[in-house]
Amino acid sequence: MSENVVSLHKTTESPDESASVTTLTVVPDPAPAKPVPLWVRSYRGVRTVVTHETTRTTARAVARHGLYTFNGGRIVARRTWDGRTGSRYERLLRAAEAAGNYEVAEEWEERLQRFREARHRRRMDLLHSPVDVAKGVGVGVGMSVGTLVALGVVMAINNKDVTDVITPLKATIEFIGTLIRIVQIVWGPALTIGPLVALLALWAVGSKQQAAPAWALPANVRSGEGEPITPSIVVKALRDLGVPALRKAITEMGDAGASMLGPIRIAGCGVEVDVTLPSGVATNEVQAKRRKLAENLTRHEHEVFITIPEAARTVRLWIADSGALDEPIGPSPLVTDETMTANYKTGKAPWGQDLRGDAALISLYQRHLLVTGLSNQGKTASLRALALWLALDRSVQFWIADLKGIGDWAMFEGIAQVLIEGPSDDHVIQATEMVEDAVEEMNRRIEERRRDSGIVFDPLIVLVDEAQLAFMCPVVGDDKRPYGGAKATSRYFMAVRKIHNQGRAVDVLMWQGTQDPTDQNLPKLVREGAHTRASLVVGTESQAEMALGAKAVNAGAAPHLLRQGLDKGTLVVASDGITIPAGQASITVRTHFIDDEPATEVAARAKALREGVTTLRAVDEGKESDALADIASVLGEAERVLTRDILKRLDVLNHDAYGDWTFADLKRVLEAVGVEAYKSHGLMNVRRDDILRALANRDADGSASAS
């Protein structure tokens with residue numbers, strides 16, 4: 001019973017102490033807490049013990065080792081049954097029939113028949129074996145006794161003691177008695193230890209096969225990280241893929257699906273296997289489950305690639321070693337081999353490595369090129385690596401427009417005849433006019449080819465990086481035609497289309513790099529005009545189709561499944577210029593990254609192979625042209641230049657002033673200052689020293705300007 005507590009409180013309402021009032025307050029004692037029932041405390045204690053991590057770990061260990069022993073017994077029994085009966089042959093026979101491979105089915109049926117005949121002969125021999133054994137034992141005992149007696153006779157003669165005749169027999173009998181006593185001593189413990197040894201052997205078999213559920217395995221085993229790929233793992237991954245028809249077919253196969261698989265081959269930093277799907281399962285059903293298949297194989301999604309080979313109803317799986325694709329590949333041969341040269345017509349550029357670890361070499365001969373992908377994924381570096389290789393062929397000319405304008409292509413000064421750098425609309429206009437000039441050069445070459453079918457032209461690479469800026473440019477020219485856009489009135493679009501249509505025949509090629517492709521910044525006709533199409537990671541499957549084409553994507557190309565930021569420089573390539581495995585429409589290439597400094601060194605080697613090239617950066621159309629000064633400019637550092645090349649370079653420098661010039665116009669300007677062209681090896685040349693001397697001697701107001 002609780003007691004009340006009496007408290008005294010003194011309350012003062014005025015400064016006068018005599019007026020204070022003291023009050024008594026009765027505060028009840030708080031009720032005691034209700035005791036927790038014993039069963040609740042017991043339940044909480046049991047729950048804590050049961051759910052504790054130590055208890056769970058112990059329970060898993062007990063279950064795991066118990067199941068190792070039990071399932072080890074099942075495995076041994078299965079192996080024994082397969083070895084003693086024809087069940088293995090029957091299982092493989094049913095699997096071959098289910099796969100429709102009747103030739104293999106006939107072979108297994110023949111093997112089964114031979115096994116049954118051999119087993120029948122062994123069983124018939126057992127009927128006669130008791131008699132044969134009895135005869136053998138009798139003959140053996142008789143011969144043994146006779147041998148021992150003969151040995152005793154020899155000993156008796158030698159020792160002159162007749163009792164030695166039975167000495168070998170006595171020794172043999174004593175030895176047999178000793179063995180019997182040993183067996184009597186060991187037999188009792190053996191009966192106890194024998195079953196334990198047998199259980200240990202079964203446990204070892206189960207442990208080796210990891211014959212326990214996933215929840216009972218240790219954490220490091222359950223993760224399966226880096227687990228080698230075996231046929232059983234592949235079949236189990238396919239069975240659990242979530243395709244009902246596939247799961248049912250594997251379950252019904254006598255060999256549990258093993259006949260679906262071809263040989264597992266080592267392929268670079270992974271393995272490759274062809275899977276023949278059962279009837280009723282389409283290849284695209286497996287392709288659509290790439291992530292789940294990868295997880296079933298204990299791999300990340302980017303470590304599994306699914307392609308369609310030539311064989312019908314077959315998918316080809318390439319499975320990387322765990323973590324192998326996160327390791328960088330080696331440096332480019334362009335950097336490591338200072339003696340490397342290029343050949344535009346017959347050579348192949350070392351672009352990187354395919355997934356098998358083989359060198360990915362690509363031919364650039366008469367192929368328009370398109371490289372696309374999301375921003376900052378290695379597009380410019382991939383495109384520049386090809387240009388650096390091709391620059392080592394001194395016959396190749398470059399006209400380059402870098403619409404990013406941060407110096408990625410600066411090392412091509414002295415290699416490229418034209419180099420435009422900058423992201424503004426003015427730079428886009430210059431790039432458009434550059435491409436239009438390339439169209440005119442193409443038309444000039446075509447006209448010359450008509451007059452002389454045997455003429456050979458130097459390759460001209462017209463390269464526009466960040467080409468999406470050109471397509472999206474809103475500027476409209478004086479002729480009311482927009483520079484950008486995807487219509488027939490767009491100047492850039494139409495110029496690119498003309499080069500795509502006819503440029504290849506006269507070695508005028510269009511290379512473009514663009515990012516985040518859409519129908520607006522990469523029109524359909526432009527992207528389909530490229531012979532070589534390569535894509536880094538893109539955001540969606542529809543963008544992958546824009547980059548590579550629907551055929552390649554439907555056949556397994558999946559740049560949209562690459563990892564942004566982690567797979568920089570990894571390209572999916574669709575081209576006839578690169579070796580692609582039979583039956584595939586694309587190949588995945590991990591490109592060599594060439595940084596700015598080594599790229600500059602490679603460019604320096606390319607410059608050393610060429611005579612001095614003057615790089616034109618922009619055309620100032622507003623001032624009067626000085627023909628003699630422009631001629632000196634386009635000569636660059638070369639000691640002499642062909643007159644036809646001077647005309648080409650002047651046209652590029654200022655098309656409005658020199659686009660219509662002929663050899664007569666050039667001769668007129670040169671003769672006016674006392675310079676004469678001379679013939680060497682049948683071709684007219686102009687010396688650089690003559691032009692510089694004429695410039696030095698020219699009167700201040702005697703400029704030879706273009707009319």
# chains A, B, ... in the order shown; residues from 1 in each chain; ligands from 1

call {"tool": "select_by_dssp", "arguments": {"residues": "segment 157-325 of chain A", "states": "strand (DSSP E)", "output": "list of chain:residue names"}}
result
A:Arg265, A:Ile266, A:Ala267, A:Gly270, A:Val271, A:Glu272, A:Val273, A:Asp274, A:Val275, A:Thr276, A:Val304, A:Phe305, A:Ile306, A:Thr307, A:Thr314, A:Val315, A:Arg316, A:Leu317, A:Trp318, A:Ile319, A:Ala320

call {"tool": "residues_around", "arguments": {"residues": "segment 595-608 of chain A", "least_positions_apart": "2", "cutoff": "6 Å", "atoms": "only C-alpha atoms", "output": "count of residues only"}}
result
4

call {"tool": "residues_around", "arguments": {"residues": "segment 684-693 of chain A", "least_positions_apart": "6", "cutoff": "8 Å", "atoms": "only C-alpha atoms", "output": "number ranges by chain"}}
result
A: 628, 631-632, 635, 637-643, 675-678

call {"tool": "residues_around", "arguments": {"residues": "segment 304-311 of chain A", "least_positions_apart": "2", "cutoff": "7 Å", "atoms": "only C-alpha atoms", "output": "number ranges by chain"}}
result
A: 287, 294, 301-302, 313-320, 555-556, 582-584

call {"tool": "residues_around", "arguments": {"residues": "Val496 of chain A", "least_positions_apart": "4", "cutoff": "8 Å", "atoms": "only C-alpha atoms", "output": "VMD selection string"}}
result
chain A and resid 435 492 500 510 526

call {"tool": "residues_around", "arguments": {"residues": "Thr163 of chain A", "least_positions_apart": "4", "cutoff": "9 Å", "atoms": "only C-alpha atoms", "output": "ChimeraX atom specification"}}
result
/A:152,156,167

call {"tool": "write_last_selection", "arguments": {"atoms": "N, CA and C atoms", "output": "short mmCIF file (atom, residue, chain, number, x, y, z; two decimals), in the first residue's frame"}}
result
data_model
loop_
_atom_site.label_atom_id
_atom_site.label_comp_id
_atom_site.auth_asym_id
_atom_site.auth_seq_id
_atom_site.Cartn_x
_atom_site.Cartn_y
_atom_site.Cartn_z
N GLY A 152 61.03 -77.32 -47.61
CA GLY A 152 61.43 -78.00 -46.36
C GLY A 152 62.38 -79.16 -46.61
N ALA A 156 65.95 -79.71 -45.00
CA ALA A 156 66.31 -80.92 -44.24
C ALA A 156 67.59 -81.54 -44.76
N THR A 167 59.17 -77.19 -41.49
CA THR A 167 59.46 -75.83 -40.97
C THR A 167 58.80 -74.73 -41.80
#

call {"tool": "select_by_dssp", "arguments": {"residues": "segment 410-439 of chain A", "states": "helix (DSSP H, G or I)", "output": "PDB file with all heavy atoms, in the first residue's frame"}}
result
ATOM      1  N   ALA A 410      45.608  21.302 -81.756  1.00  0.00           N
ATOM      2  CA  ALA A 410      46.643  22.312 -82.018  1.00  0.00           C
ATOM      3  C   ALA A 410      47.908  21.694 -82.582  1.00  0.00           C
ATOM      4  O   ALA A 410      48.644  22.352 -83.334  1.00  0.00           O
ATOM      5  CB  ALA A 410      46.959  23.064 -80.725  1.00  0.00           C
ATOM      6  N   MET A 411      48.203  20.430 -82.247  1.00  0.00           N
ATOM      7  CA  MET A 411      49.438  19.809 -82.743  1.00  0.00           C
ATOM      8  C   MET A 411      49.407  19.571 -84.255  1.00  0.00           C
ATOM      9  O   MET A 411      50.431  19.237 -84.853  1.00  0.00           O
ATOM     10  CB  MET A 411      49.700  18.489 -82.012  1.00  0.00           C
ATOM     11  CG  MET A 411      48.720  17.363 -82.291  1.00  0.00           C
ATOM     12  SD  MET A 411      47.110  17.560 -81.501  1.00  0.00           S
ATOM     13  CE  MET A 411      47.549  17.595 -79.777  1.00  0.00           C
ATOM     14  N   PHE A 412      48.236  19.776 -84.903  1.00  0.00           N
ATOM     15  CA  PHE A 412      48.154  19.581 -86.354  1.00  0.00           C
ATOM     16  C   PHE A 412      48.544  20.838 -87.132  1.00  0.00           C
ATOM     17  O   PHE A 412      48.467  20.832 -88.358  1.00  0.00           O
ATOM     18  CB  PHE A 412      46.746  19.121 -86.747  1.00  0.00           C
ATOM     19  CG  PHE A 412      46.569  17.641 -86.624  1.00  0.00           C
ATOM     20  CD1 PHE A 412      46.330  17.055 -85.389  1.00  0.00           C
ATOM     21  CD2 PHE A 412      46.661  16.814 -87.723  1.00  0.00           C
ATOM     22  CE1 PHE A 412      46.173  15.696 -85.260  1.00  0.00           C
ATOM     23  CE2 PHE A 412      46.519  15.447 -87.614  1.00  0.00           C
ATOM     24  CZ  PHE A 412      46.280  14.875 -86.377  1.00  0.00           C
ATOM     25  N   ASP A 425      29.681  31.062 -83.669  1.00  0.00           N
ATOM     26  CA  ASP A 425      29.005  30.964 -84.962  1.00  0.00           C
ATOM     27  C   ASP A 425      29.945  31.327 -86.098  1.00  0.00           C
ATOM     28  O   ASP A 425      29.847  30.763 -87.197  1.00  0.00           O
ATOM     29  CB  ASP A 425      27.782  31.885 -84.977  1.00  0.00           C
ATOM     30  CG  ASP A 425      26.650  31.362 -84.095  1.00  0.00           C
ATOM     31  OD1 ASP A 425      26.682  30.158 -83.769  1.00  0.00           O
ATOM     32  OD2 ASP A 425      25.757  32.146 -83.734  1.00  0.00           O
ATOM     33  N   ASP A 426      30.863  32.274 -85.868  1.00  0.00           N
ATOM     34  CA  ASP A 426      31.836  32.625 -86.905  1.00  0.00           C
ATOM     35  C   ASP A 426      32.709  31.431 -87.268  1.00  0.00           C
ATOM     36  O   ASP A 426      33.029  31.216 -88.447  1.00  0.00           O
ATOM     37  CB  ASP A 426      32.716  33.785 -86.439  1.00  0.00           C
ATOM     38  CG  ASP A 426      31.952  35.102 -86.347  1.00  0.00           C
ATOM     39  OD1 ASP A 426      30.907  35.214 -87.034  1.00  0.00           O
ATOM     40  OD2 ASP A 426      32.384  35.992 -85.591  1.00  0.00           O
ATOM     41  N   HIS A 427      33.094  30.657 -86.253  1.00  0.00           N
ATOM     42  CA  HIS A 427      33.899  29.465 -86.532  1.00  0.00           C
ATOM     43  C   HIS A 427      33.075  28.414 -87.278  1.00  0.00           C
ATOM     44  O   HIS A 427      33.596  27.712 -88.153  1.00  0.00           O
ATOM     45  CB  HIS A 427      34.448  28.876 -85.231  1.00  0.00           C
ATOM     46  CG  HIS A 427      35.444  29.752 -84.544  1.00  0.00           C
ATOM     47  ND1 HIS A 427      35.114  30.535 -83.465  1.00  0.00           N
ATOM     48  CD2 HIS A 427      36.770  29.984 -84.786  1.00  0.00           C
ATOM     49  CE1 HIS A 427      36.183  31.196 -83.056  1.00  0.00           C
ATOM     50  NE2 HIS A 427      37.203  30.888 -83.845  1.00  0.00           N
ATOM     51  N   VAL A 428      31.791  28.302 -86.940  1.00  0.00           N
ATOM     52  CA  VAL A 428      30.921  27.364 -87.657  1.00  0.00           C
ATOM     53  C   VAL A 428      30.799  27.789 -89.115  1.00  0.00           C
ATOM     54  O   VAL A 428      30.811  26.947 -90.028  1.00  0.00           O
ATOM     55  CB  VAL A 428      29.540  27.289 -86.987  1.00  0.00           C
ATOM     56  CG1 VAL A 428      28.568  26.484 -87.851  1.00  0.00           C
ATOM     57  CG2 VAL A 428      29.652  26.655 -85.607  1.00  0.00           C
ATOM     58  N   ILE A 429      30.682  29.087 -89.358  1.00  0.00           N
ATOM     59  CA  ILE A 429      30.599  29.590 -90.732  1.00  0.00           C
ATOM     60  C   ILE A 429      31.872  29.230 -91.490  1.00  0.00           C
ATOM     61  O   ILE A 429      31.826  28.767 -92.645  1.00  0.00           O
ATOM     62  CB  ILE A 429      30.364  31.117 -90.722  1.00  0.00           C
ATOM     63  CG1 ILE A 429      28.954  31.421 -90.182  1.00  0.00           C
ATOM     64  CG2 ILE A 429      30.532  31.697 -92.123  1.00  0.00           C
ATOM     65  CD1 ILE A 429      28.698  32.893 -89.949  1.00  0.00           C
ATOM     66  N   GLN A 430      33.030  29.432 -90.851  1.00  0.00           N
ATOM     67  CA  GLN A 430      34.291  29.087 -91.501  1.00  0.00           C
ATOM     68  C   GLN A 430      34.368  27.584 -91.773  1.00  0.00           C
ATOM     69  O   GLN A 430      34.857  27.156 -92.827  1.00  0.00           O
ATOM     70  CB  GLN A 430      35.466  29.531 -90.632  1.00  0.00           C
ATOM     71  CG  GLN A 430      35.611  31.036 -90.509  1.00  0.00           C
ATOM     72  CD  GLN A 430      36.716  31.435 -89.549  1.00  0.00           C
ATOM     73  OE1 GLN A 430      37.514  30.598 -89.132  1.00  0.00           O
ATOM     74  NE2 GLN A 430      36.769  32.713 -89.201  1.00  0.00           N
ATOM     75  N   ALA A 431      33.909  26.786 -90.818  1.00  0.00           N
ATOM     76  CA  ALA A 431      33.924  25.334 -91.017  1.00  0.00           C
ATOM     77  C   ALA A 431      33.014  24.942 -92.174  1.00  0.00           C
ATOM     78  O   ALA A 431      33.359  24.063 -92.985  1.00  0.00           O
ATOM     79  CB  ALA A 431      33.490  24.631 -89.730  1.00  0.00           C
ATOM     80  N   THR A 432      31.848  25.583 -92.267  1.00  0.00           N
ATOM     81  CA  THR A 432      30.931  25.288 -93.366  1.00  0.00           C
ATOM     82  C   THR A 432      31.562  25.639 -94.710  1.00  0.00           C
ATOM     83  O   THR A 432      31.481  24.871 -95.678  1.00  0.00           O
ATOM     84  CB  THR A 432      29.623  26.061 -93.171  1.00  0.00           C
ATOM     85  OG1 THR A 432      29.048  25.706 -91.908  1.00  0.00           O
ATOM     86  CG2 THR A 432      28.630  25.749 -94.279  1.00  0.00           C
ATOM     87  N   GLU A 433      32.182  26.815 -94.771  1.00  0.00           N
ATOM     88  CA  GLU A 433      32.837  27.217 -96.011  1.00  0.00           C
ATOM     89  C   GLU A 433      34.001  26.289 -96.342  1.00  0.00           C
ATOM     90  O   GLU A 433      34.283  26.031 -97.520  1.00  0.00           O
ATOM     91  CB  GLU A 433      33.305  28.664 -95.894  1.00  0.00           C
ATOM     92  CG  GLU A 433      32.139  29.651 -95.820  1.00  0.00           C
ATOM     93  CD  GLU A 433      32.588  31.071 -95.549  1.00  0.00           C
ATOM     94  OE1 GLU A 433      33.773  31.259 -95.161  1.00  0.00           O
ATOM     95  OE2 GLU A 433      31.766  31.991 -95.711  1.00  0.00           O
ATOM     96  N   MET A 434      34.687  25.771 -95.307  1.00  0.00           N
ATOM     97  CA  MET A 434      35.753  24.796 -95.547  1.00  0.00           C
ATOM     98  C   MET A 434      35.196  23.538 -96.203  1.00  0.00           C
ATOM     99  O   MET A 434      35.775  23.006 -97.166  1.00  0.00           O
ATOM    100  CB  MET A 434      36.439  24.440 -94.225  1.00  0.00           C
ATOM    101  CG  MET A 434      37.554  23.411 -94.349  1.00  0.00           C
ATOM    102  SD  MET A 434      38.121  22.793 -92.742  1.00  0.00           S
ATOM    103  CE  MET A 434      36.769  21.676 -92.326  1.00  0.00           C
ATOM    104  N   VAL A 435      34.062  23.044 -95.693  1.00  0.00           N
ATOM    105  CA  VAL A 435      33.459  21.837 -96.271  1.00  0.00           C
ATOM    106  C   VAL A 435      32.971  22.120 -97.688  1.00  0.00           C
ATOM    107  O   VAL A 435      33.095  21.275 -98.589  1.00  0.00           O
ATOM    108  CB  VAL A 435      32.312  21.329 -95.376  1.00  0.00           C
ATOM    109  CG1 VAL A 435      31.655  20.095 -95.987  1.00  0.00           C
ATOM    110  CG2 VAL A 435      32.826  20.994 -93.976  1.00  0.00           C
ATOM    111  N   GLU A 436      32.428  23.311 -97.915  1.00  0.00           N
ATOM    112  CA  GLU A 436      31.991  23.674 -99.268  1.00  0.00           C
ATOM    113  C   GLU A 436      33.183  23.756-100.217  1.00  0.00           C
ATOM    114  O   GLU A 436      33.086  23.360-101.388  1.00  0.00           O
ATOM    115  CB  GLU A 436      31.237  25.002 -99.228  1.00  0.00           C
ATOM    116  CG  GLU A 436      29.873  24.891 -98.549  1.00  0.00           C
ATOM    117  CD  GLU A 436      29.175  26.223 -98.406  1.00  0.00           C
ATOM    118  OE1 GLU A 436      29.864  27.262 -98.392  1.00  0.00           O
ATOM    119  OE2 GLU A 436      27.934  26.230 -98.302  1.00  0.00           O
ATOM    120  N   ASP A 437      34.320  24.266 -99.724  1.00  0.00           N
ATOM    121  CA  ASP A 437      35.527  24.269-100.548  1.00  0.00           C
ATOM    122  C   ASP A 437      35.960  22.845-100.876  1.00  0.00           C
ATOM    123  O   ASP A 437      36.458  22.571-101.980  1.00  0.00           O
ATOM    124  CB  ASP A 437      36.655  24.993 -99.823  1.00  0.00           C
ATOM    125  CG  ASP A 437      36.424  26.500 -99.745  1.00  0.00           C
ATOM    126  OD1 ASP A 437      35.571  27.001-100.498  1.00  0.00           O
ATOM    127  OD2 ASP A 437      37.085  27.168 -98.914  1.00  0.00           O
ATOM    128  N   ALA A 438      35.781  21.942 -99.920  1.00  0.00           N
ATOM    129  CA  ALA A 438      36.116  20.539-100.173  1.00  0.00           C
ATOM    130  C   ALA A 438      35.213  19.956-101.255  1.00  0.00           C
ATOM    131  O   ALA A 438      35.651  19.115-102.056  1.00  0.00           O
ATOM    132  CB  ALA A 438      35.989  19.729 -98.883  1.00  0.00           C
ATOM    133  N   VAL A 439      33.949  20.407-101.302  1.00  0.00           N
ATOM    134  CA  VAL A 439      33.047  19.959-102.361  1.00  0.00           C
ATOM    135  C   VAL A 439      33.568  20.428-103.723  1.00  0.00           C
ATOM    136  O   VAL A 439      33.558  19.677-104.706  1.00  0.00           O
ATOM    137  CB  VAL A 439      31.618  20.480-102.106  1.00  0.00           C
ATOM    138  CG1 VAL A 439      30.716  20.164-103.299  1.00  0.00           C
ATOM    139  CG2 VAL A 439      31.043  19.864-100.835  1.00  0.00           C
TER     140      VAL A 439
END
